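Student: Just dropping this structure here.
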Amino acid sequence: MPPKSSFGTKDRLIVEDEEVLQAVILADSFNKRFTPLTTHKPRCLLPICNAPLLDWTFESLALAGVQEIFVICRSHADLVKKAIKNSKWSKPSAGLKIVPIVTAKETFSPGDAMRDIYTHGIITSDFVLVTGDLVSNVRIDEVVRVHKERRKTNKDAIMTMVVKESGARHRTRSRGDSAVFVLDPDTSECLHYEAVIGYPPKQYAKIPREILVEHPEVEIRNDLIDCSIDVCSVEVPSLFQDNFDYADIRRDFVQGVLTSDLLMKNIYCYVAKEGYAARVKDTKSYASISKDILSRWTFPLVPDDNHPGGHSYEHLRGNKYIAKDNSVVLSRTCKIGNNTLIGSKSQIAEHAQVSASVLGQRCIVGAGSVVRDSYLFDGVVEKSKVDRGCLIADGVIIGPEARLEPFQKLTEDEEAEAGEDEAAEADDEDDEDDEDGGESDEEEVDSDYEEAEAKIDELEHPDNQRLMRIGDNASDLELSDPGSVTSESESESEPDDEDRFGGSSPSSSTTSLSTPSDLVAQADSAAISEFRNEVTQSLDRAFAEGHSVDNAAVELKTLRMASNVPLRLVREAVVAGIVSRINIVEGGGVPQRQEISAMVNRWGGLIDKIGGVDAVETVEILQECCASSDRLPLFGQILAALYQDDIVEEDDIRHWHQKPAAQGEGVKPPALQENFKKCWAVGAHMIKQFDEQESDEESEEESEDDAGSEEEDTTVKTVAPTQQQPATEKSTSRDESSEEESAEEEEEEEEESAEEEDDHIAVPAPPHPATEKLPSQDESEDEDEDESEEESEEEEYHTAEAAQQQPALEKPALHKRSPEEGEDLASDEEEEEEEWYEGSEGQSE
């Protein structure tokens, strides 16, 4: 028998390189969060930005180089097959082989679908597992490469989950369905997984003690978004076949594998640093991902380029997308706001306004109607008032006298629950399923799975579902959680969002016939708030990842141009970001000034690189930022640091100080106005310092000028008796010394003038022979004294003249000192600067 190495690793690697990258799409949603929109079509065929969700998933996989896709479907399988056949992906030029697989009727969970995959035997190598509602531009091929490299050394690595970092208030981060990941910081192995629901709020995560014993260092992460993208080994379906308790992939399979003492398998996480990935798993995420697509976060998957539905749109300023086929009818008096997409053959009547919304094909918006934060599918006719949180399916016609309650979802079916209260949705739908048993095969049968698990599944509890429902801020639920920063920050932020958006959240759907001017103002406010959130996220990434100032400025400029907002909003965000990241040093003094100086030196240049320079406005924003935060005592020191780095000048501080707004005029409440006055007092102290320095410099210059003139007169009188020395020689030497332009010319001319003066004094012109007399002893002593006085006066004159030729400082040396200056000057200036900073701190306090 030949040795096993005869078919060694080299041949095996060649086979692996020739393997076709396969992907499995779970087309069923296995819940009823989109009911009744999914009564006659599966969720994967619902449109988002006028393209079916399934097409967005195909596009995401095509970007990753996937060659063969298996679509696992149970409910509405005929519609799924028809959609695949009619899509552009069915053409040979698409480069994809898509095979729809119809599962058994008993498939009621993702675990059942995985077991059905094992039964069909379609998986031959490592594969990508995703859901049919994925929107992503992440390079999945890189995740596959990492997974295969890991498998070469660890055959027990059966799965790699793709996750992304996010802030606590990221709009694609679900409040009702998140998780805690415990990771090995060196290998990214997932050591523990624990699902977290939003209501009732969870305060603690239970981590097995064995993990902490075996791993001296772990990362406990609650800031990761699960992208629902998994790279699985070929034995994963068989593990589902061996254990019928595995229903949900995360809460059952992942948690079961990690806690099993028998399987001894490993699961890893891939934390994606770049790209976009999110799943449309509820109506709130539907709105969030729609906004991200319109804001071009999913590039290159955007409406005007690589649109999955094959439509062609024109991208206009402010992220407006209009169908290119010239079939859209826009009245001259209608208004189209930012972040809006209008499908072909749609009509916008007179005085109608549409902003931050998506209109499908053949939609009609009646005269005077206002559509804001709404999502209208194909063929919708809207002439009435639709409250927030409503989704309107294809072909729905809403009459002029109709009125919809909040959070309604309408379909064309007359028997759909148009007036159903979402808070009691689960119970009502259970009863309806019992009554309409004949239609169970046509409806989304994953609802049967929910019926069986409703009593024990906290995730699908009606109160928890409210956290995942479009337009519902769940303000009446008790969500305060002292153990979770996310819950606290979001619950506290909701009232502010309510005020900002006129009583509705940013993600709400509102269509009404209210006063157009009021609604346009609310739409503008919503756009500004959306822009502020995006700028904050951009700055957070720049600070956290250490971007260069130029790269951060380019991203901020792009956001500003896309949102068409004033430059001041960007400057406010930049200044606030810098000020908020300055740590407050206990005791202040020199360490505090060093902390401020380091931050300003690193990021201060970003203030003037965002599209324009306005130093006076920068000081105004700094005053407002410090006055409304706990950084008030640092106002003077931050302003001094900006002055040091040439971001603001003395004249800018004076102009700001002269404005009435600098003293808090018109500022409310009184406490904030008092803080404005404190900042103004600090500015007054700085200006007083400037005036004192200018007066000191003027007095020094005057004294130097007087001393120079006196020495000049003395020198002229002393040199006058030398009759043989031409008078032009003195004027020439002075002109040459005063007109020098470089350091070398100055030194050479000073040496020449010094030599000429020395010769002049040492060799006086001899007296006429006819009048020569022998001097007496007293006269010779007087002449010696005169000569010594002349020499000393000549030296003083040259010293004063050289001092006058030194270049003047552009700013007082109090604030700017070069390391080359003498130790005495540096010590004096440090004492003056200490007095100046102490004065600023005292004024602020």
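Chain labels A, B, ... are given in the sequence in which chains occur in the structure tokens; within each chain residues are numbered consecutively from 1, and ligands are likewise numbered from 1 in the order shown.
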Find the residues around A:Asp540 up to 12 Å (only C-alpha atoms counted), leave out those fewer than 4 positions away in its own chain, and share them as a PyMOL selection string.
Tutor: chain A and resi 165-167+170+533-536+544-547+552+556+573-574+576-578+580-581
Student: Could you give me, as a list of chain:residue names, the residues within 8 Å of A:Trp603, counting only C-alpha atoms and dropping anything in the same chain fewer than 3 positions from it?
Tutor: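 Residues meeting the cut-off are A:Val549, A:Ile578, A:Met599, A:Val600, A:Leu606, A:Ile607.
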Student: Name all residues at most 10 Å from A:Arg171 (count only C-alpha atoms; drop same-chain ones fewer than 3 positions away) and give them as a PDB file with N, CA and C atoms, in the first residue's frame.
Tutor:
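Done, and the output landed in result_24.pdb:
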```pdb
ATOM      1  N   SER A 166     -20.265  48.754  16.042  1.00  0.00           N
ATOM      2  CA  SER A 166     -21.245  49.832  15.912  1.00  0.00           C
ATOM      3  C   SER A 166     -21.334  50.590  17.212  1.00  0.00           C
ATOM      4  N   GLY A 167     -21.842  51.804  17.124  1.00  0.00           N
ATOM      5  CA  GLY A 167     -22.101  52.576  18.322  1.00  0.00           C
ATOM      6  C   GLY A 167     -23.371  52.121  19.011  1.00  0.00           C
ATOM      7  N   ALA A 168     -23.578  52.620  20.217  1.00  0.00           N
ATOM      8  CA  ALA A 168     -24.761  52.199  20.977  1.00  0.00           C
ATOM      9  C   ALA A 168     -26.048  52.653  20.317  1.00  0.00           C
ATOM     10  N   SER A 174     -30.368  46.632  16.199  1.00  0.00           N
ATOM     11  CA  SER A 174     -31.696  46.361  16.726  1.00  0.00           C
ATOM     12  C   SER A 174     -31.696  46.455  18.248  1.00  0.00           C
ATOM     13  N   ARG A 175     -32.678  47.167  18.784  1.00  0.00           N
ATOM     14  CA  ARG A 175     -32.809  47.266  20.233  1.00  0.00           C
ATOM     15  C   ARG A 175     -33.503  46.045  20.823  1.00  0.00           C
ATOM     16  N   LYS A 284     -38.438  48.363  11.413  1.00  0.00           N
ATOM     17  CA  LYS A 284     -37.543  49.468  11.766  1.00  0.00           C
ATOM     18  C   LYS A 284     -36.233  49.364  11.001  1.00  0.00           C
ATOM     19  N   SER A 285     -35.676  48.174  10.885  1.00  0.00           N
ATOM     20  CA  SER A 285     -34.457  48.018  10.096  1.00  0.00           C
ATOM     21  C   SER A 285     -34.728  48.251   8.613  1.00  0.00           C
ATOM     22  N   ALA A 287     -36.632  50.619   7.405  1.00  0.00           N
ATOM     23  CA  ALA A 287     -36.493  52.069   7.226  1.00  0.00           C
ATOM     24  C   ALA A 287     -35.030  52.503   7.325  1.00  0.00           C
ATOM     25  N   SER A 288     -34.294  51.933   8.270  1.00  0.00           N
ATOM     26  CA  SER A 288     -32.894  52.333   8.461  1.00  0.00           C
ATOM     27  C   SER A 288     -32.044  51.981   7.252  1.00  0.00           C
ATOM     28  N   ILE A 289     -32.212  50.775   6.727  1.00  0.00           N
ATOM     29  CA  ILE A 289     -31.407  50.360   5.576  1.00  0.00           C
ATOM     30  C   ILE A 289     -31.809  51.133   4.331  1.00  0.00           C
ATOM     31  N   LYS A 291     -32.680  54.257   4.274  1.00  0.00           N
ATOM     32  CA  LYS A 291     -31.972  55.534   4.404  1.00  0.00           C
ATOM     33  C   LYS A 291     -30.486  55.369   4.105  1.00  0.00           C
ATOM     34  N   ASP A 292     -29.904  54.247   4.521  1.00  0.00           N
ATOM     35  CA  ASP A 292     -28.480  54.032   4.249  1.00  0.00           C
ATOM     36  C   ASP A 292     -28.214  53.878   2.755  1.00  0.00           C
ATOM     37  N   PRO A 506     -37.277  59.755  13.839  1.00  0.00           N
ATOM     38  CA  PRO A 506     -36.704  59.914  12.507  1.00  0.00           C
ATOM     39  C   PRO A 506     -37.066  58.808  11.543  1.00  0.00           C
ATOM     40  N   SER A 507     -37.329  57.622  12.064  1.00  0.00           N
ATOM     41  CA  SER A 507     -37.609  56.508  11.165  1.00  0.00           C
ATOM     42  C   SER A 507     -39.103  56.295  10.937  1.00  0.00           C
ATOM     43  N   ASN A 533     -26.115  63.014  12.789  1.00  0.00           N
ATOM     44  CA  ASN A 533     -25.793  61.648  13.202  1.00  0.00           C
ATOM     45  C   ASN A 533     -24.695  61.049  12.330  1.00  0.00           C
TER      46      ASN A 533
END
```
Student: Work out how far atom CA of A:Asp28 is from atom CA of A:His461, in Å to one decimal.
Tutor: 20.0 Å
Student: Give me the residues near A:Arg221 as a list in words, where near means some atom within 7 Å (using only C-alpha atoms) and where sequence neighbours in that chain fewer than 6 positions away do not count.
Tutor: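 Answer for this query is Val180, Phe181 and Val182 of chain A.
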Student: Excluding A:Val554 and residues on its chain fewer than 3 positions from it, collect all residues at most 12 Å away from it, counting only C-alpha atoms, and give them as a list of chain:residue names.
Tutor: A:Val535, A:Ser538, A:Leu539, A:Ala542, A:His547, A:Ser548, A:Val549, A:Asp550, A:Asn551, A:Lys557, A:Thr558, A:Leu559, A:Arg560, A:Met561, A:Leu606, A:Lys609, A:Ile610, A:Gly611
Student: Could you tell me, as a PyMOL selection string, which residues of stretch 536-620 of chain A DSSP assigns to alpha helix (DSSP H) when given the backbone?
Tutor: chain A and resi 536-545+549-563+567-580+589-603+615-620
Student: Write out as a count of residues only each polymer residue whose atoms come within 7 Å of A:Arg362, counting only C-alpha atoms; drop sequence neighbours fewer than 3 positions from it.
Tutor: 5
Student: As a ChimeraX atom specification, please: the residues near stretch 77-94 of chain A (cut-off 12 Å, only C-alpha atoms, same-chain neighbours under 3 positions excluded).
Tutor: /A:25-28,40-46,51-59,61-63,65-74,97-105,132,306-311,441-445
Student: How many Å separate atom CA of A:Ala23 from atom CA of A:Ala278?
Tutor: 17.4 Å
